[in-house]
>>> print(open('target_15.cif').read())   # mmCIF, C-alpha atoms
data_final
loop_
_atom_site.label_atom_id
_atom_site.label_comp_id
_atom_site.auth_asym_id
_atom_site.auth_seq_id
_atom_site.Cartn_x
_atom_site.Cartn_y
_atom_site.Cartn_z
CA MET A 24 46.25 -46.11 -22.27
CA ASN A 25 49.50 -44.70 -20.82
CA ASP A 26 50.30 -43.85 -17.23
CA LEU A 27 49.67 -40.13 -17.68
CA HIS A 28 46.14 -40.84 -18.85
CA LYS A 29 45.47 -43.12 -15.88
CA ASN A 30 46.89 -40.60 -13.48
CA LEU A 31 44.79 -37.82 -14.96
CA LEU A 32 41.66 -39.94 -14.63
CA TYR A 33 42.64 -40.53 -11.01
CA VAL A 34 42.97 -36.76 -10.50
CA LYS A 35 39.60 -36.26 -12.15
CA ASP A 36 37.99 -38.76 -9.78
CA LEU A 37 39.38 -36.93 -6.77
CA VAL A 38 38.44 -33.48 -8.07
CA THR A 39 34.94 -34.66 -9.06
CA ALA A 40 34.44 -36.27 -5.66
CA MET A 41 35.47 -33.01 -3.96
CA GLY A 42 33.03 -31.03 -6.11
CA ASN A 43 30.19 -33.46 -5.35
CA LEU A 44 30.88 -33.15 -1.64
CA ASN A 45 30.83 -29.34 -1.91
CA ARG A 46 27.48 -29.39 -3.72
CA LYS A 47 26.02 -31.80 -1.20
CA GLU A 48 27.23 -29.61 1.65
CA GLN A 49 25.62 -26.53 0.07
CA GLN A 50 22.35 -28.40 -0.35
CA LEU A 51 22.44 -29.39 3.31
CA LEU A 52 23.21 -25.81 4.35
CA ASN A 53 20.21 -24.62 2.34
CA LYS A 54 18.01 -27.02 4.30
CA LYS A 55 19.03 -25.56 7.66
CA ARG A 56 16.48 -23.30 9.31
CA VAL A 57 16.75 -20.63 11.94
CA PRO A 58 14.59 -21.18 15.04
CA VAL A 59 11.85 -18.61 15.57
CA GLN A 60 11.93 -16.64 18.79
CA PRO A 61 8.66 -17.50 20.57
CA GLN A 62 6.65 -14.56 21.84
CA ARG A 63 3.94 -14.89 24.42
CA ILE A 64 1.60 -11.93 24.05
CA VAL A 65 -1.13 -12.26 26.63
CA ARG A 66 -4.12 -9.98 26.39
CA ASN A 67 -5.25 -8.76 29.79
CA LYS A 68 -8.88 -8.66 30.74
CA SER A 69 -10.48 -5.33 31.41
CA ARG A 70 -10.47 -4.56 35.10
CA GLN A 71 -13.89 -4.48 36.71
CA ASN A 72 -14.14 -1.63 39.19
CA LYS A 73 -17.05 -2.63 41.39
CA GLY A 74 -17.31 0.84 42.93
CA ALA A 75 -17.59 2.51 39.53
CA PHE A 76 -20.01 -0.16 38.35
CA THR A 77 -22.22 0.40 41.39
CA GLY A 78 -22.03 4.16 40.93
CA ILE A 79 -23.12 3.83 37.30
CA LEU A 80 -26.05 1.67 38.30
CA LEU A 81 -27.12 4.09 41.04
CA LEU A 82 -26.89 7.06 38.70
CA THR A 83 -28.89 5.16 36.10
CA PHE A 84 -31.51 4.25 38.68
CA ALA A 85 -31.78 7.87 39.88
CA LEU A 86 -32.17 9.26 36.37
CA LEU A 87 -34.75 6.66 35.42
CA PHE A 88 -36.61 7.21 38.71
CA LEU A 89 -36.78 10.98 38.21
CA TYR A 90 -37.72 10.59 34.55
CA ASN A 91 -40.65 8.33 35.39
CA ALA A 92 -41.73 9.75 38.78
CA VAL A 93 -41.49 13.54 38.52
CA PRO A 94 -43.78 14.09 35.50
CA TYR A 95 -46.35 11.68 36.93
CA ALA A 96 -46.19 13.38 40.33
CA ILE A 97 -46.72 16.80 38.73
CA ASN A 98 -49.71 15.49 36.84
CA CYS A 99 -51.11 13.98 40.03
CA TYR A 100 -50.65 17.26 41.89
CA TYR A 101 -52.47 19.34 39.29
CA SER A 102 -55.18 16.72 38.97
CA GLU A 103 -55.72 16.68 42.75
CA LYS A 104 -55.76 20.47 42.87
CA GLN A 105 -58.18 20.65 39.96
CA GLN A 106 -60.42 18.13 41.64
CA ILE A 107 -60.49 20.24 44.85
CA GLU A 108 -61.41 23.36 42.85
CA GLN A 109 -64.11 21.39 41.09
CA GLU A 110 -65.52 20.16 44.41
CA LYS A 111 -65.53 23.74 45.78
CA THR A 112 -67.41 24.98 42.72
CA ASP A 113 -69.90 22.14 42.93
CA ASP A 114 -70.43 22.79 46.67
CA GLU A 115 -71.10 26.49 46.12
CA PHE A 116 -73.46 25.76 43.26
CA SER A 117 -75.32 23.18 45.34
CA TRP A 118 -75.65 25.71 48.21
CA TYR A 119 -77.31 28.27 46.03
CA LEU A 120 -79.64 25.66 44.61
CA ASN A 121 -80.75 24.54 48.04
CA HIS A 122 -80.99 28.07 49.52
CA PRO A 123 -82.94 30.23 47.10
CA ASN A 124 -83.39 33.00 49.68
CA LYS A 125 -80.07 34.34 48.76
CA GLU A 126 -78.45 33.44 52.02
CA LYS A 127 -74.77 34.08 52.22
CA TYR A 128 -72.63 31.13 51.23
CA PRO A 129 -70.77 30.02 54.35
CA GLY A 130 -67.76 28.76 52.39
CA TYR A 131 -66.41 25.38 51.45
CA GLN A 132 -66.32 23.03 54.40
CA GLY A 133 -64.29 20.20 52.82
CA LYS A 134 -60.55 19.75 52.49
CA GLU A 135 -58.80 22.44 50.52
CA LYS A 136 -55.19 21.29 50.82
CA VAL A 137 -53.63 18.75 48.51
CA ASN A 138 -52.90 15.41 50.08
CA TRP A 139 -49.20 14.97 49.28
CA VAL A 140 -49.23 11.35 50.27
CA SER A 141 -51.83 10.50 47.66
CA VAL A 142 -50.00 12.74 45.15
CA LEU A 143 -46.45 11.48 45.63
CA LEU A 144 -46.86 7.87 46.70
CA PRO A 145 -48.18 6.42 43.39
CA PRO A 146 -45.56 8.23 41.23
CA PHE A 147 -42.76 7.18 43.57
CA ILE A 148 -43.92 3.57 43.53
CA ARG A 149 -44.26 3.69 39.77
CA GLY A 150 -40.85 5.37 39.28
CA PHE A 151 -39.12 2.99 41.71
CA PHE A 152 -40.60 -0.04 39.97
CA ILE A 153 -39.78 1.07 36.41
CA ALA A 154 -36.30 2.37 37.34
CA GLY A 155 -35.53 -0.88 39.16
CA ILE A 156 -36.52 -2.99 36.15
CA LEU A 157 -34.62 -0.85 33.62
CA THR A 158 -31.54 -0.60 35.88
CA GLY A 159 -31.54 -4.38 36.24
CA ILE A 160 -31.70 -4.72 32.46
CA VAL A 161 -28.75 -2.29 32.09
CA ALA A 162 -26.77 -4.20 34.69
CA ALA A 163 -27.51 -7.49 32.95
CA VAL A 164 -26.47 -6.09 29.55
CA ILE A 165 -23.22 -4.68 30.96
CA THR A 166 -22.48 -7.98 32.69
CA ILE A 167 -23.15 -9.98 29.51
CA VAL A 168 -20.95 -7.66 27.45
CA ARG A 169 -18.12 -7.93 29.94
CA LYS A 170 -18.43 -11.70 30.07
CA ARG A 171 -18.30 -11.87 26.28
CA GLN A 172 -15.25 -9.62 26.24
CA ASP A 173 -13.56 -11.77 28.87
CA ALA A 174 -14.47 -14.91 26.92
CA ASP A 175 -13.01 -13.35 23.74
CA VAL A 176 -9.81 -12.46 25.63
CA ASP A 177 -9.61 -16.03 26.96
CA ARG A 178 -10.12 -17.41 23.47
CA ARG A 179 -7.40 -15.20 22.00
CA ASN A 180 -5.04 -16.03 24.83
CA SER A 181 -5.70 -19.71 24.23
CA ILE A 182 -4.84 -19.28 20.54
CA LEU A 183 -1.67 -17.36 21.43
CA GLN A 184 -0.71 -20.02 23.96
CA LYS A 185 -1.17 -22.75 21.36
CA LYS A 186 0.96 -20.81 18.88
CA TYR A 187 3.58 -20.31 21.59
CA GLU A 188 3.67 -24.01 22.37
CA ALA A 189 3.66 -24.90 18.67
CA THR A 190 6.62 -22.57 18.12
CA PHE A 191 8.53 -24.39 20.85
CA LYS A 192 7.77 -27.72 19.22
CA ASP A 193 8.79 -26.40 15.79
CA ASN A 194 12.01 -25.02 17.24
CA GLU A 195 12.77 -28.38 18.82
CA ALA A 196 12.20 -30.08 15.47
CA ILE A 197 14.34 -27.43 13.72
CA LEU A 198 17.18 -27.85 16.21
CA GLN A 199 17.02 -31.62 15.88
CA LYS A 200 17.02 -31.38 12.06
CA ASN A 201 19.90 -28.87 12.13
CA ALA A 202 21.85 -31.22 14.40
CA GLU A 203 21.34 -34.03 11.90
CA ILE A 204 22.46 -31.75 9.07
CA ASP A 205 25.52 -30.68 11.06
CA ALA A 206 26.39 -34.33 11.59
CA GLU A 207 26.15 -34.97 7.83
CA ILE A 208 28.23 -31.85 7.13
CA LYS A 209 30.83 -33.11 9.59
CA GLN A 210 30.96 -36.40 7.72
CA ILE A 211 31.38 -34.50 4.46
CA ALA A 212 34.21 -32.50 6.02
CA ASN A 213 35.88 -35.75 7.08
CA LYS A 214 35.55 -37.12 3.54
CA ARG A 215 36.98 -33.90 2.12
CA ALA A 216 39.91 -34.18 4.50
CA LEU A 217 40.55 -37.74 3.29
CA ILE A 218 40.38 -36.65 -0.36
CA SER A 219 42.69 -33.72 0.34
CA GLN A 220 45.09 -36.02 2.19
CA GLU A 221 45.10 -38.49 -0.69
CA TYR A 222 45.61 -35.63 -3.16
CA MET A 223 48.55 -34.27 -1.20
CA GLN A 224 50.15 -37.70 -0.88
CA ASN A 225 49.69 -39.04 -4.41
CA ILE A 226 49.03 -36.11 -6.75
CA VAL A 227 50.90 -32.98 -5.73
CA GLU A 228 54.30 -34.50 -6.43
CA TRP A 229 53.68 -34.67 -10.19
CA TYR A 230 50.50 -32.59 -10.80
CA PRO A 231 50.69 -28.76 -10.69
CA LYS A 232 48.71 -27.45 -7.73
CA ASP A 233 47.30 -24.42 -9.59
CA TYR A 234 45.32 -26.67 -11.96
CA GLY A 235 43.46 -28.84 -9.52
CA TYR A 236 39.95 -28.09 -10.80
CA PRO A 237 37.62 -29.99 -13.18
CA SER A 238 37.92 -27.87 -16.34
CA ALA A 239 41.72 -28.04 -16.35
CA VAL A 240 41.77 -31.81 -15.71
CA ASP A 241 39.21 -32.40 -18.48
CA PHE A 242 41.34 -30.33 -20.85
CA PHE A 243 44.47 -32.34 -19.98
CA ILE A 244 42.62 -35.65 -20.47
CA ASN A 245 41.30 -34.50 -23.85
CA LEU A 246 44.82 -33.61 -24.98
CA VAL A 247 46.22 -36.98 -23.94
CA GLU A 248 43.33 -38.94 -25.45
CA ASN A 249 43.81 -37.13 -28.76
CA HIS A 250 47.61 -37.58 -28.64
CA LEU A 251 48.19 -33.85 -28.53
CA ALA A 252 50.37 -34.06 -25.41
CA THR A 253 52.45 -36.73 -23.75
CA THR A 254 53.63 -34.95 -20.60
CA ILE A 255 51.96 -32.86 -17.96
CA GLN A 256 54.20 -29.93 -18.91
CA GLU A 257 52.87 -29.97 -22.47
CA CYS A 258 49.33 -30.13 -21.14
CA VAL A 259 49.93 -27.09 -18.96
CA GLU A 260 51.53 -25.12 -21.80
CA GLN A 261 48.70 -25.83 -24.19
CA TYR A 262 46.11 -25.08 -21.52
CA ASN A 263 47.78 -21.74 -20.78
CA THR A 264 47.82 -21.01 -24.51
CA TYR A 265 44.11 -21.87 -24.65
CA LEU A 266 43.36 -19.60 -21.71
CA PHE A 267 45.35 -16.78 -23.30
CA ARG A 268 43.47 -17.15 -26.57
CA GLN A 269 40.18 -17.26 -24.70
CA GLU A 270 41.11 -14.09 -22.87
CA VAL A 271 42.11 -12.42 -26.14
CA ALA A 272 38.87 -13.59 -27.75
CA ASP A 273 36.87 -12.32 -24.79
CA ASN A 274 38.66 -8.98 -24.97
CA GLN A 275 37.98 -8.81 -28.70
CA GLN A 276 34.31 -9.60 -28.10
CA GLU A 277 34.22 -6.90 -25.47
CA MET A 278 35.89 -4.46 -27.85
CA ILE A 279 33.46 -5.45 -30.60
CA GLY A 280 30.60 -4.90 -28.20
CA ASN A 281 31.98 -1.50 -27.25
CA GLN A 282 32.43 -0.65 -30.91
CA LYS A 283 28.85 -1.67 -31.62
CA VAL A 284 27.70 0.60 -28.83
CA MET A 285 29.82 3.45 -30.24
CA ILE A 286 28.49 2.80 -33.74
CA GLY A 287 24.97 2.75 -32.39
CA ASN A 288 25.57 6.06 -30.64
CA GLN A 289 27.05 7.52 -33.84
CA GLU A 290 24.05 6.31 -35.82
CA VAL A 291 21.78 7.96 -33.33
CA MET A 292 23.76 11.20 -33.62
CA ILE A 293 23.73 10.98 -37.44
CA SER A 294 20.00 10.32 -37.39
CA LYS A 295 19.49 13.38 -35.20
CA GLN A 296 21.70 15.46 -37.54
CA ASP A 297 19.73 14.21 -40.56
CA LYS A 298 16.48 15.18 -38.90
CA MET A 299 17.89 18.59 -38.02
CA ILE A 300 19.13 19.19 -41.61
CA LYS A 301 15.78 18.04 -42.95
CA ALA A 302 14.00 20.45 -40.64
CA GLN A 303 16.37 23.23 -41.66
CA MET A 304 15.85 22.50 -45.36
CA VAL A 305 12.12 22.52 -44.98
CA GLY A 306 12.39 25.66 -42.93
CA ASN A 307 14.49 27.36 -45.63
CA VAL A 308 12.01 26.36 -48.34
CA ILE A 309 9.16 27.73 -46.30
CA ALA A 310 11.11 30.94 -45.73
CA ALA A 311 11.79 31.24 -49.48
CA VAL A 312 8.12 30.70 -50.32
CA ASN A 313 7.12 33.32 -47.77
CA MET A 314 9.66 35.78 -49.22
CA MET A 315 8.35 35.26 -52.78
CA ALA A 316 4.82 35.66 -51.55
CA ASN A 317 5.78 38.91 -49.80
CA ILE A 318 7.48 40.19 -52.99
CA ALA A 319 4.44 39.31 -55.08
CA THR A 320 2.18 41.01 -52.57
CA ALA A 321 4.34 44.14 -52.64
CA GLY A 322 4.24 44.16 -56.48
CA ASN A 323 0.48 43.78 -56.52
CA THR A 324 0.17 46.57 -54.01
CA ALA A 325 2.30 48.86 -56.16
CA ASN A 326 0.24 48.00 -59.26
CA ILE A 327 -2.97 48.72 -57.41
CA ALA A 328 -1.61 52.06 -56.26
CA GLU A 329 -0.53 52.97 -59.80
CA SER A 330 -3.94 51.99 -61.22
CA ALA A 331 -5.66 54.14 -58.62
CA SER A 332 -3.43 57.10 -59.58
CA ASN A 333 -4.28 56.59 -63.28
CA ILE A 334 -7.98 56.47 -62.50
CA GLU A 335 -7.67 59.67 -60.50
CA ARG A 336 -5.90 61.45 -63.39
CA ASN A 337 -8.53 60.23 -65.91
CA THR A 338 -11.28 61.45 -63.64
CA ALA A 339 -9.68 64.90 -63.44
CA ARG A 340 -9.37 65.05 -67.23
CA THR A 341 -13.02 64.04 -67.65
CA ALA A 342 -14.08 66.79 -65.27
CA LYS A 343 -12.08 69.42 -67.24
CA ASN A 344 -13.62 68.24 -70.54
CA THR A 345 -17.06 68.47 -69.01
CA GLU A 346 -16.39 72.06 -67.92
CA ARG A 347 -15.23 72.95 -71.41
CA ILE A 348 -18.35 71.40 -72.98
CA ALA A 349 -20.53 73.34 -70.54
CA GLY A 350 -18.70 76.61 -71.46
CA HIS A 351 -19.26 76.02 -75.18
CA ALA A 352 -22.92 75.29 -74.61
CA ALA A 353 -23.30 78.55 -72.67
CA ASN A 354 -21.65 80.57 -75.48
CA ILE A 355 -23.92 78.99 -78.09
CA ASP A 356 -26.97 79.82 -75.99
CA ARG A 357 -25.96 83.46 -75.66
CA THR A 358 -25.36 83.67 -79.41
CA LEU A 359 -28.82 82.36 -80.24
CA ARG A 360 -30.43 84.91 -77.97
#
>>> encode(input="target_15.cif", output="structure tokens")
Amino acid sequence: MNDLHKNLLYVKDLVTAMGNLNRKEQQLLNKKRVPVQPQRIVRNKSRQNKGAFTGILLLTFALLFLYNAVPYAINCYYSEKQQIEQEKTDDEFSWYLNHPNKEKYPGYQGKEKVNWVSVLLPPFIRGFFIAGILTGIVAAVITIVRKRQDADVDRRNSILQKKYEATFKDNEAILQKNAEIDAEIKQIANKRALISQEYMQNIVEWYPKDYGYPSAVDFFINLVENHLATTIQECVEQYNTYLFRQEVADNQQEMIGNQKVMIGNQEVMISKQDKMIKAQMVGNVIAAVNMMANIATAGNTANIAESASNIERNTARTAKNTERIAGHAANIDRTLR
């Protein structure tokens, strides 16, 4: 193993170490996370307007009171009035029963006016009682609904608060983890600086700076190990030749690929032309068949017309012969007479 081979292995160690540090740094960067901006969205409870609530309850009470008291009061009024009329009728009937001498009825002596106290008091008591109970039920239902809504708002706010606090804790953990990653990245940067310093001190003097990457170093080592080069200049020349050939080969492959695409396009065009010619040929054959059919039809039509003309001429001749035969028969008849 000569000095060039040892030196190249030394370069490979430095280049490989630099690449490993770069990969490790990228892996650490991928592990870094961005803190989430915490948002505290508090849901406000619905405001309870006591004046409006009281007004709703009073209106509810009034409507329920009227709904339950007025119809009952009307019924009581007509019942009281009907009872008075019934008492007047019974009093007059009783008078006439007790006074058969047909004395004049002096009139009803009892009360004739409706007692509004007895008419209105029971309905009002009834309406007040029912309206009070139903209004209390409505108030209780509204209160329960509002309490449930407030409890739901409190529960949601508690969940949001927990998420808010959890986000703060996660952000603290993220920042701490990012700080640890930054510290490791800083160590990697220090190691890279040491490798670069060592490379500049021990390598740059004899190793070309434009070839300080793994594939070139591996190529140089392969040449030396196979005794294809003995100096770094020969390694560089052969590597440049290899790169040139690779570029030529890549260009040729690209040209071949382009040619294949062009050939494919030409084949598609030829296929379309073949289909068009085929369609044209079939179209011409069909046109020829139609033409022959038209000619044959015209010939048949002419023959039919000629046959009809011949039949017409034969018919005329037959008619003339019939006239002649009739004339001869008439002459023979006259002769016999």
>>> residues_around(input="target_15.cif", residues="Tyr90 in chain A", least_positions_apart="2", cutoff="12 Å", atoms="all atoms listed in the file", output="ChimeraX atom specification")
/A:83-88,92-97,146-147,149-151,153-154,157
>>> resolve_selection(input="target_15.cif", expression="the PyMOL selection byres ((chain A and resi 162) around 12)", output="JSON, numbers by chain")
{"A": [73, 76, 77, 78, 79, 80, 81, 82, 83, 84, 154, 155, 156, 157, 158, 159, 160, 161, 163, 164, 165, 166, 167, 168, 169]}
>>> resolve_selection(input="target_15.cif", expression="the PyMOL selection byres ((chain A and resi 56) around 10)", output="list in words")
Leu52, Asn53, Lys54, Lys55, Val57, Pro58, Val59, Asn194, Ile197, Leu198, Lys200 and Asn201 of chain A
>>> atom_distance(input="target_15.cif", atom1="CA of Gln60 in chain A", atom2="CA of Glu195 in chain A")
11.8 Å
>>> closest_residue(input="target_15.cif", among="A:Asn45, A:Asn121, A:Gly130, A:Val38", to="Ser238 in chain A", atoms="all atoms listed in the file")
A:Val38
>>> closest_residue(input="target_15.cif", among="A:Ile208, A:Cys99, A:Val34, A:Met41", to="Asn225 in chain A", atoms="only C-alpha atoms")
A:Val34
>>> residues_around(input="target_15.cif", residues="Glu103 in chain A", least_positions_apart="2", cutoff="9 Å", atoms="only C-alpha atoms", output="PyMOL selection string")
chain A and resi 98-101+105-108+137-138+141-142
>>> closest_residue(input="target_15.cif", among="A:Gln269, A:Glu221, A:Tyr230, A:Thr112", to="Thr254 in chain A", atoms="only C-alpha atoms")
A:Tyr230
>>> closest_residue(input="target_15.cif", among="A:Pro61, A:Tyr234, A:Leu37, A:Leu27", to="Tyr222 in chain A", atoms="only C-alpha atoms")
A:Leu37
>>> residues_around(input="target_15.cif", residues="range 241-253 of chain A", least_positions_apart="2", cutoff="8 Å", atoms="all atoms listed in the file", output="list in words")
Leu27, His28, Leu31, Leu32, Lys35, Pro237, Ser238, Ala239, Ile255, Glu257, Cys258, Val259 and Tyr262 of chain A
>>> write_last_selection(input="target_15.cif", atoms="C-alpha atoms", output="PDB file, in the frame of the given file")
ATOM      1  CA  LEU A  27      49.670 -40.130 -17.680  1.00  0.00           C
ATOM      2  CA  HIS A  28      46.140 -40.840 -18.850  1.00  0.00           C
ATOM      3  CA  LEU A  31      44.790 -37.820 -14.960  1.00  0.00           C
ATOM      4  CA  LEU A  32      41.660 -39.940 -14.630  1.00  0.00           C
ATOM      5  CA  LYS A  35      39.600 -36.260 -12.150  1.00  0.00           C
ATOM      6  CA  PRO A 237      37.620 -29.990 -13.180  1.00  0.00           C
ATOM      7  CA  SER A 238      37.920 -27.870 -16.340  1.00  0.00           C
ATOM      8  CA  ALA A 239      41.720 -28.040 -16.350  1.00  0.00           C
ATOM      9  CA  ILE A 255      51.960 -32.860 -17.960  1.00  0.00           C
ATOM     10  CA  GLU A 257      52.870 -29.970 -22.470  1.00  0.00           C
ATOM     11  CA  CYS A 258      49.330 -30.130 -21.140  1.00  0.00           C
ATOM     12  CA  VAL A 259      49.930 -27.090 -18.960  1.00  0.00           C
ATOM     13  CA  TYR A 262      46.110 -25.080 -21.520  1.00  0.00           C
TER      14      TYR A 262
END
>>> atom_distance(input="target_15.cif", atom1="CA of Lys136 in chain A", atom2="CA of Lys104 in chain A")
8.0 Å
>>> axis_aligned_box(input="target_15.cif", around="range 177-196 of chain A", padding_each_side="3 Å", output="lines of an AutoDock Vina configuration file")
center_x = 1.3
center_y = -22.6
center_z = 21.2
size_x = 28.9
size_y = 20.9
size_z = 17.5
>>> closest_residue(input="target_15.cif", among="A:Leu266, A:Ile204, A:Met278, A:Leu217", to="Gln49 in chain A", atoms="all atoms listed in the file")
A:Ile204
>>> atom_distance(input="target_15.cif", atom1="CA of Asn213 in chain A", atom2="CA of Leu44 in chain A")
10.4 Å
